[in-house]
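As provided, run.txt (compact mmCIF, C-alpha atoms) reads as follows.
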```txt
# COMPACT_ATOMS: atom_id res chain seq x y z
CA MET X 1 86.59 172.39 -53.02
CA ASP X 2 88.71 173.20 -56.05
CA GLU X 3 90.60 170.55 -57.98
CA ILE X 4 93.98 171.24 -56.39
CA GLU X 5 92.55 170.99 -52.90
CA GLU X 6 90.72 167.81 -53.82
CA LEU X 7 93.96 166.38 -55.19
CA ARG X 8 95.80 167.26 -51.97
CA ALA X 9 93.04 165.71 -49.88
CA SER X 10 93.08 162.60 -52.03
CA ARG X 11 96.87 162.22 -51.68
CA ALA X 12 96.59 162.65 -47.93
CA ARG X 13 93.91 159.94 -47.81
CA VAL X 14 96.06 157.61 -49.93
CA LEU X 15 98.98 158.06 -47.48
CA GLU X 16 96.68 157.59 -44.50
CA ALA X 17 95.22 154.42 -46.02
CA ALA X 18 98.71 153.07 -46.71
CA ASP X 19 99.78 153.76 -43.11
CA ALA X 20 96.62 152.16 -41.76
CA GLU X 21 97.26 149.10 -43.90
CA ARG X 22 100.85 148.87 -42.62
CA ARG X 23 99.54 149.05 -39.03
CA ARG X 24 97.03 146.29 -39.80
CA THR X 25 99.81 144.18 -41.27
CA GLU X 26 102.01 144.74 -38.22
CA ARG X 27 99.10 143.81 -35.97
CA GLY X 28 98.42 140.74 -38.08
CA LEU X 29 102.04 139.63 -37.75
CA HIS X 30 102.09 140.31 -34.01
CA ASP X 31 98.76 138.71 -33.18
CA GLY X 32 98.99 135.84 -35.63
CA VAL X 33 102.24 134.34 -36.81
CA GLN X 34 104.42 135.67 -34.01
CA GLN X 35 102.15 134.32 -31.28
CA HIS X 36 102.16 130.84 -32.77
CA LEU X 37 105.94 130.93 -33.11
CA VAL X 38 106.29 132.11 -29.51
CA ALA X 39 104.02 129.29 -28.32
CA LEU X 40 106.12 126.84 -30.33
CA ALA X 41 109.31 128.18 -28.74
CA VAL X 42 107.87 127.77 -25.22
CA ASN X 43 106.64 124.29 -26.10
CA LEU X 44 110.09 123.36 -27.38
CA GLN X 45 111.49 124.24 -23.94
CA LEU X 46 108.83 121.99 -22.46
CA ALA X 47 109.60 119.23 -24.97
CA ARG X 48 113.23 119.25 -23.83
CA GLN X 49 112.08 118.78 -20.25
CA LEU X 50 109.64 115.99 -21.13
CA ALA X 51 112.10 114.07 -23.34
CA ASP X 52 113.78 112.70 -20.23
CA SER X 53 111.00 112.71 -17.68
CA ASP X 54 107.76 111.88 -19.51
CA PRO X 55 108.03 110.53 -23.10
CA ASP X 56 104.28 109.78 -23.28
CA SER X 57 103.38 113.40 -22.59
CA LEU X 58 106.01 114.43 -25.10
CA LYS X 59 104.12 112.63 -27.87
CA ALA X 60 100.93 114.54 -27.06
CA LEU X 61 102.88 117.79 -26.94
CA LEU X 62 104.44 117.11 -30.34
CA GLU X 63 100.97 116.65 -31.80
CA GLU X 64 99.90 119.97 -30.30
CA MET X 65 102.99 121.61 -31.74
CA THR X 66 102.16 120.19 -35.17
CA ARG X 67 98.75 121.84 -34.95
CA ASP X 68 100.43 125.10 -33.92
CA VAL X 69 102.70 124.91 -36.97
CA HIS X 70 99.67 124.48 -39.24
CA GLU X 71 97.92 127.42 -37.59
CA ALA X 72 101.04 129.55 -38.00
CA LEU X 73 101.21 128.62 -41.68
CA GLU X 74 97.54 129.49 -42.12
CA SER X 75 98.17 132.88 -40.45
CA VAL X 76 101.01 133.56 -42.88
CA ARG X 77 98.86 132.52 -45.82
CA ALA X 78 95.96 134.77 -44.71
CA LEU X 79 98.26 137.72 -44.16
CA ALA X 80 100.06 137.28 -47.48
CA ARG X 81 96.71 137.04 -49.24
CA ARG X 82 95.59 140.33 -47.69
CA VAL X 83 98.81 142.14 -48.56
CA TYR X 84 98.84 140.89 -52.14
CA PRO X 85 96.85 137.80 -53.05
CA PRO X 86 99.06 135.15 -54.70
CA LEU X 87 96.14 134.21 -56.95
CA LEU X 88 96.12 137.71 -58.42
CA LEU X 89 99.80 137.46 -59.17
CA ASP X 90 99.65 133.91 -60.57
CA ARG X 91 96.29 133.67 -62.31
CA GLY X 92 94.95 137.18 -62.71
CA LEU X 93 91.88 139.16 -61.79
CA ALA X 94 89.06 136.77 -62.62
CA ASP X 95 90.30 133.91 -60.42
CA ALA X 96 91.44 136.22 -57.63
CA LEU X 97 88.08 138.02 -57.52
CA ARG X 98 86.08 134.77 -57.62
CA SER X 99 88.11 133.45 -54.71
CA VAL X 100 87.84 136.53 -52.48
CA ALA X 101 84.14 136.94 -53.29
CA GLY X 102 83.48 133.32 -52.34
CA GLU X 103 85.13 133.88 -48.98
CA ALA X 104 83.07 137.03 -48.39
CA GLY X 105 79.80 135.32 -49.34
CA ALA X 106 79.48 137.61 -52.37
CA HIS X 107 79.43 136.92 -56.10
CA VAL X 108 81.51 138.16 -58.97
CA ASP X 109 80.12 138.02 -62.48
CA VAL X 110 83.27 138.03 -64.54
CA ALA X 111 83.90 136.69 -68.01
CA THR X 112 87.30 135.45 -69.02
CA ILE X 113 89.47 138.51 -69.10
CA GLY X 114 93.15 138.64 -69.86
CA ARG X 115 96.10 139.90 -67.88
CA PHE X 116 96.86 143.56 -67.37
CA ALA X 117 99.63 145.68 -65.91
CA PRO X 118 100.23 144.75 -62.24
CA ASP X 119 99.28 148.22 -60.96
CA VAL X 120 96.02 148.12 -62.93
CA GLU X 121 95.15 144.64 -61.69
CA ALA X 122 96.00 145.53 -58.09
CA ALA X 123 94.02 148.80 -58.06
CA PHE X 124 91.04 147.16 -59.72
CA TYR X 125 91.16 144.14 -57.40
CA PHE X 126 91.33 146.19 -54.18
CA CYS X 127 88.51 148.48 -55.37
CA CYS X 128 86.30 145.44 -55.93
CA VAL X 129 87.31 143.93 -52.55
CA GLU X 130 86.36 147.20 -50.85
CA LEU X 131 82.90 147.00 -52.43
CA LEU X 132 82.16 143.30 -51.82
CA ARG X 133 79.04 142.80 -49.72
CA PRO X 134 77.66 139.40 -48.66
CA GLY X 135 74.89 138.29 -51.01
CA GLU X 136 75.65 141.05 -53.54
CA THR X 137 77.14 140.69 -57.02
CA ILE X 138 79.88 142.73 -58.62
CA ARG X 139 79.96 142.68 -62.40
CA VAL X 140 83.37 142.95 -64.03
CA TRP X 141 84.27 143.27 -67.69
CA ALA X 142 87.00 144.53 -69.98
CA GLU X 143 86.44 147.10 -72.69
CA GLU X 144 88.85 148.08 -75.38
CA ASP X 145 90.50 150.79 -73.31
CA ALA X 146 89.40 150.12 -69.72
CA LEU X 147 88.55 147.62 -67.06
CA VAL X 148 85.11 148.25 -65.61
CA PHE X 149 83.25 147.12 -62.50
CA GLU X 150 79.69 147.66 -61.47
CA ALA X 151 78.59 147.21 -57.89
CA TRP X 152 75.67 148.22 -55.72
CA GLY X 153 75.63 150.03 -52.42
CA GLU X 154 77.79 152.81 -51.05
CA SER X 155 81.22 153.59 -52.38
CA THR X 156 84.17 154.74 -50.26
CA ALA X 157 86.81 157.45 -50.52
CA ALA X 158 89.44 154.70 -50.76
CA VAL X 159 87.87 153.41 -53.98
CA ALA X 160 87.73 156.90 -55.47
CA ASP X 161 91.35 157.54 -54.47
CA ARG X 162 92.63 154.28 -55.97
CA LEU X 163 90.81 154.92 -59.22
CA GLY X 164 91.91 158.55 -59.25
CA ALA X 165 95.56 157.59 -58.78
CA LEU X 166 95.41 155.60 -62.03
CA GLY X 167 93.46 158.19 -63.97
CA GLY X 168 90.26 156.19 -63.64
CA SER X 169 86.78 157.36 -62.85
CA LEU X 170 83.96 156.56 -60.46
CA ARG X 171 80.29 157.20 -60.95
CA VAL X 172 77.60 156.60 -58.35
CA GLU X 173 73.98 156.80 -59.46
CA GLU X 174 71.08 155.67 -57.31
CA GLY X 175 73.20 153.07 -55.55
CA ARG X 176 74.87 151.80 -58.70
CA ILE X 177 78.66 152.22 -58.54
CA THR X 178 80.58 152.12 -61.78
CA GLY X 179 84.35 152.27 -61.75
CA ARG X 180 86.67 152.41 -64.72
CA VAL X 181 90.42 151.87 -64.79
CA PRO X 182 92.08 152.88 -68.04
CA LEU X 183 94.35 150.24 -69.55
CA ALA X 184 96.78 152.80 -70.89
CA PRO X 185 97.76 155.97 -69.05
CA MET D 186 109.12 125.64 -2.17
CA THR D 187 106.40 126.05 -4.78
CA LEU D 188 106.29 129.32 -6.69
CA ARG D 189 102.73 130.59 -7.20
CA VAL D 190 102.50 132.20 -10.64
CA LEU D 191 100.08 134.61 -12.31
CA ILE D 192 100.27 134.96 -16.11
CA ALA D 193 99.26 138.27 -17.68
CA ASP D 194 99.10 138.13 -21.46
CA ASP D 195 96.39 138.95 -23.98
CA GLN D 196 97.45 136.19 -26.38
CA PRO D 197 95.77 132.80 -25.79
CA PRO D 198 98.47 130.68 -27.54
CA PHE D 199 101.14 132.03 -25.20
CA ARG D 200 99.03 131.57 -22.07
CA LYS D 201 98.27 128.01 -23.11
CA ALA D 202 101.93 127.22 -23.72
CA VAL D 203 102.99 128.70 -20.37
CA ARG D 204 100.19 126.81 -18.64
CA SER D 205 101.57 123.53 -20.03
CA LEU D 206 105.13 124.52 -19.19
CA LEU D 207 104.34 125.33 -15.56
CA ALA D 208 102.18 122.22 -15.13
CA ALA D 209 105.09 120.05 -16.25
CA SER D 210 107.71 121.85 -14.18
CA ASP D 211 108.42 121.05 -10.56
CA GLY D 212 108.14 123.93 -8.15
CA PHE D 213 105.53 125.99 -10.01
CA GLU D 214 101.82 126.42 -9.48
CA LEU D 215 99.67 128.50 -11.81
CA VAL D 216 97.21 130.46 -9.70
CA GLY D 217 95.61 132.79 -12.27
CA GLU D 218 95.56 134.29 -15.74
CA ALA D 219 94.97 137.92 -16.69
CA THR D 220 94.47 139.34 -20.16
CA SER D 221 95.22 143.01 -19.42
CA GLY D 222 97.41 145.13 -17.17
CA GLU D 223 94.42 146.25 -15.13
CA GLN D 224 93.30 142.68 -14.57
CA ALA D 225 96.84 141.66 -13.62
CA VAL D 226 96.90 144.32 -10.88
CA THR D 227 93.49 143.22 -9.58
CA LEU D 228 94.36 139.51 -9.60
CA ALA D 229 97.73 140.15 -7.99
CA GLN D 230 95.95 141.92 -5.12
CA GLU D 231 93.46 139.06 -4.77
CA LEU D 232 95.75 136.06 -5.24
CA HIS D 233 99.07 137.32 -3.84
CA PRO D 234 101.21 135.31 -6.28
CA ASP D 235 104.95 134.99 -5.76
CA LEU D 236 105.52 135.78 -9.42
CA VAL D 237 103.73 137.56 -12.24
CA LEU D 238 104.81 136.76 -15.80
CA MET D 239 103.76 140.03 -17.42
CA ASP D 240 103.51 140.71 -21.14
CA ILE D 241 104.67 144.24 -21.94
CA LYS D 242 102.32 144.95 -24.84
CA MET D 243 98.71 144.68 -23.78
CA ASP D 244 95.70 146.90 -24.28
CA GLY D 245 94.85 149.37 -21.51
CA ILE D 246 97.60 150.37 -19.12
CA GLY D 247 99.97 147.72 -20.50
CA GLY D 248 102.42 145.50 -18.68
CA ILE D 249 104.98 148.07 -17.58
CA ALA D 250 102.49 150.29 -15.73
CA ALA D 251 100.93 147.19 -14.18
CA ALA D 252 104.36 145.98 -13.06
CA ARG D 253 105.05 149.39 -11.50
CA THR D 254 101.79 149.28 -9.54
CA ILE D 255 102.41 145.75 -8.30
CA ALA D 256 105.99 146.60 -7.29
CA SER D 257 104.84 149.59 -5.25
CA THR D 258 101.85 147.95 -3.58
CA GLN D 259 103.05 144.35 -3.23
CA PRO D 260 106.84 144.26 -3.02
CA GLU D 261 106.66 140.58 -2.02
CA THR D 262 105.37 139.74 -5.53
CA ALA D 263 108.07 139.59 -8.20
CA THR D 264 107.25 140.53 -11.76
CA ILE D 265 109.12 139.24 -14.78
CA LEU D 266 108.39 141.16 -17.95
CA VAL D 267 108.04 139.08 -21.09
CA SER D 268 107.66 140.03 -24.74
CA THR D 269 109.16 139.44 -28.14
CA TYR D 270 111.22 142.65 -28.02
CA ARG D 271 114.96 142.30 -28.25
CA ARG D 272 116.61 143.69 -25.13
CA ASP D 273 117.88 146.73 -26.99
CA GLU D 274 114.33 147.48 -28.14
CA LEU D 275 112.83 147.48 -24.65
CA PRO D 276 111.15 150.71 -23.56
CA ALA D 277 113.30 152.58 -21.02
CA GLU D 278 110.54 152.22 -18.39
CA ALA D 279 111.02 148.45 -18.47
CA ARG D 280 114.22 148.93 -16.45
CA THR D 281 112.74 151.34 -13.95
CA CYS D 282 109.29 149.91 -13.28
CA GLY D 283 110.39 147.65 -10.44
CA ALA D 284 110.26 144.37 -12.40
CA ALA D 285 112.68 141.64 -11.35
CA GLY D 286 113.85 141.21 -14.92
CA TYR D 287 113.02 140.54 -18.51
CA LEU D 288 112.72 137.34 -20.53
CA HIS D 289 112.17 137.02 -24.24
CA LYS D 290 109.11 134.83 -24.69
CA ALA D 291 111.05 132.38 -26.82
CA GLU D 292 113.50 131.83 -23.93
CA LEU D 293 110.86 131.31 -21.29
CA GLY D 294 111.38 128.12 -19.32
CA ALA D 295 111.47 126.91 -15.73
CA ALA D 296 115.25 127.17 -15.59
CA ALA D 297 115.30 130.71 -17.01
CA ILE D 298 112.71 131.90 -14.48
CA THR D 299 114.54 130.32 -11.58
CA ARG D 300 117.86 131.78 -12.72
CA LEU D 301 116.37 135.26 -13.00
CA LEU D 302 114.70 135.14 -9.59
CA ARG D 303 117.83 133.77 -7.96
CA GLY D 304 119.83 136.62 -9.46
CA ARG D 305 117.35 139.02 -7.93
CA GLY D 306 118.38 137.68 -4.60
```

Written as structure tokens, how would this file's structure read?
Amino acid sequence: MDEIEELRASRARVLEAADAERRRTERGLHDGVQQHLVALAVNLQLARQLADSDPDSLKALLEEMTRDVHEALESVRALARRVYPPLLLDRGLADALRSVAGEAGAHVDVATIGRFAPDVEAAFYFCCVELLRPGETIRVWAEEDALVFEAWGESTAAVADRLGALGGSLRVEEGRITGRVPLAP
Amino acid sequence: MTLRVLIADDQPPFRKAVRSLLAASDGFELVGEATSGEQAVTLAQELHPDLVLMDIKMDGIGGIAAARTIASTQPETATILVSTYRRDELPAEARTCGAAGYLHKAELGAAAITRLLRGRG
């Protein structure tokens, strides 16, 4: 495949991945937050009924509704984190990667690295997330002109596309995946 | 008269809330729960409920096709479609599938069900 065709294919994959992510987000909203809010709305109707007829049951229902509110909040938090992790925005790559790796049962070996342009941080973060495997370690470091990660296993087209979109590079050698994101275009 | 109700919805939080609502409301008896359109049709044939509260968006044939089947094979069973769609967002088939009416899930209550069924006549 020549370079132009590869570029076209890569763009098509980027669009496809973005659409798939939007569908996942819609599904997450429908199956998560919305369902808890719907249950709360139905329970509010019930609470109105019980206020007059059965105050004792109303207390139990209010406790259940409190739990529903907490579950709804947790759904929102989980969804927001998937769309764009607040930690990445607030505290940068190192903390965001440590957090997501911990949740996935993986490890990230990352020294203190500074802050970078939002598109660089986001692309780098989502590449690393894509490559996290339970029990495995991703090594992350900053060089003078690039952010670099090293992981083990199989890479994906999504990783290559993200890196390619920012002028980065991906090398896979005997299971070792090395990705570079340039710090300046 | 007690209304025998079947719930068809693939979302556990909603089924649980409706279960509590019906248990606390006079005149309703929950007779079964389905999690797909296909299961709703099967349970409706087995249990002969007076009313099916049918979610529109479910995997498989979905709520509208299930409502159509129930309306054609068991006209004595009323189906009320439920969802979180606004009325103007409802699929056109929702009006032609033989359902007794539509309720937004957030408006679901004993009074709203009774009102809708009474309107049906």

Closest atom pairs, chain D residues within 10 Å of chain X, only C-alpha atoms, as a tab-separated table:
```
residue	atom	partner	partner_atom	distance
D:Asp195	CA	X:Asp31	CA	9.5
D:Gln196	CA	X:Gln35	CA	7.0
D:Pro197	CA	X:Gln35	CA	8.6
D:Pro198	CA	X:Ala39	CA	5.8
D:Phe199	CA	X:Ala39	CA	5.1
D:Arg200	CA	X:Ala39	CA	8.3
D:Lys201	CA	X:Ala39	CA	7.9
D:Ala202	CA	X:Ala39	CA	5.5
D:Val203	CA	X:Val42	CA	6.9
D:Ser205	CA	X:Leu46	CA	7.8
D:Leu206	CA	X:Leu46	CA	5.5
D:Leu207	CA	X:Leu46	CA	8.9
D:Ala208	CA	X:Leu46	CA	9.9
D:Ala209	CA	X:Leu46	CA	7.5
D:Ser210	CA	X:Gln49	CA	8.1
D:Ser268	CA	X:Val38	CA	9.3
D:Thr269	CA	X:Val38	CA	8.0
D:His289	CA	X:Val38	CA	9.3
D:Lys290	CA	X:Val38	CA	6.2
D:Ala291	CA	X:Ala41	CA	4.9
D:Glu292	CA	X:Val42	CA	7.1
D:Leu293	CA	X:Val42	CA	6.1
D:Gly294	CA	X:Gln45	CA	6.0
D:Ala295	CA	X:Gln45	CA	8.6
D:Ala296	CA	X:Gln45	CA	9.6
```

As a count of residues only, please: the residues near stretch 230-244 of chain D (cut-off 6 Å, only C-alpha atoms, same-chain neighbours under 5 positions excluded). 16

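Atom pair atom CA of X:Cys128 / atom CA of X:Val159: separated by 8.4 Å.
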
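The space between atom CA of D:Leu215 and atom CA of D:Ala256 spans 19.7 Å.
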
>> Need to verify the contact set: D:Arg303, 12 Å, only C-alpha atoms, exclusion of same-chain residues closer than 4 positions in sequence. Can you return it as an MDAnalysis selection string?
In response: chainID D and resid 263 285:286 296:299

C-alpha atoms of the current selection, written as a PDB file, keeping the file's coordinate frame:
```pdb
ATOM      1  CA  ALA D 263     108.070 139.590  -8.200  1.00  0.00           C
ATOM      2  CA  ALA D 285     112.680 141.640 -11.350  1.00  0.00           C
ATOM      3  CA  GLY D 286     113.850 141.210 -14.920  1.00  0.00           C
ATOM      4  CA  ALA D 296     115.250 127.170 -15.590  1.00  0.00           C
ATOM      5  CA  ALA D 297     115.300 130.710 -17.010  1.00  0.00           C
ATOM      6  CA  ILE D 298     112.710 131.900 -14.480  1.00  0.00           C
ATOM      7  CA  THR D 299     114.540 130.320 -11.580  1.00  0.00           C
TER       8      THR D 299
END
```

Would you kindly return, as a short mmCIF file (atom, residue, chain, number, x, y, z; two decimals) with C-alpha atoms, keeping the file's coordinate frame, each protein, DNA or RNA residue with an atom no farther than 8 Å from any atom of D:Glu223, considering only C-alpha atoms and excluding same-chain residues fewer than 5 positions away?
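Output contents, as saved in out-v1.cif:
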```cif
data_model
loop_
_atom_site.label_atom_id
_atom_site.label_comp_id
_atom_site.auth_asym_id
_atom_site.auth_seq_id
_atom_site.Cartn_x
_atom_site.Cartn_y
_atom_site.Cartn_z
CA GLY D 245 94.85 149.37 -21.51
CA ILE D 246 97.60 150.37 -19.12
CA GLY D 247 99.97 147.72 -20.50
CA ALA D 251 100.93 147.19 -14.18
#
```

Give me the residues of stretch 88-127 of chain X that have any atom at most 12 Å from an atom of stretch 131-134 of chain X; for each, the nearest atom pair and the distance in Å, rounded to one decimal. Use all atoms listed in the file, sort by chain and number, and format it as a tab-separated table.
```
residue	atom	partner	partner_atom	distance
X:Leu97	CA	X:Leu132	CA	9.8
X:Arg98	CA	X:Leu132	CA	11.0
X:Ser99	CA	X:Leu132	CA	11.9
X:Val100	CA	X:Leu132	CA	8.9
X:Ala101	CA	X:Leu132	CA	6.8
X:Gly102	CA	X:Pro134	CA	9.2
X:Glu103	CA	X:Pro134	CA	9.3
X:Ala104	CA	X:Pro134	CA	5.9
X:Gly105	CA	X:Pro134	CA	4.7
X:Ala106	CA	X:Pro134	CA	4.5
X:His107	CA	X:Pro134	CA	8.0
X:Val108	CA	X:Leu132	CA	8.8
X:Phe124	CA	X:Leu131	CA	10.9
X:Tyr125	CA	X:Leu131	CA	10.1
X:Phe126	CA	X:Leu131	CA	8.6
X:Cys127	CA	X:Leu131	CA	6.5
```

Item checked: d(atom CA of X:Ser75, atom CA of D:Tyr270) in Å ->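 Atom CA of D:Tyr270 lies 20.5 Å from atom CA of X:Ser75.
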
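Distance annotation: of D:Gln224, D:Asp211, D:Gly217, D:Cys282, the residue with the minimal separation from D:Ser257 is D:Cys282; atom set is all atoms listed in the file.
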
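When all atoms listed in the file are used to compute distances to X:Arg48, the closest of the residues X:Ala160, X:Arg81, X:Ala111, X:Leu62 turns out to be X:Leu62.
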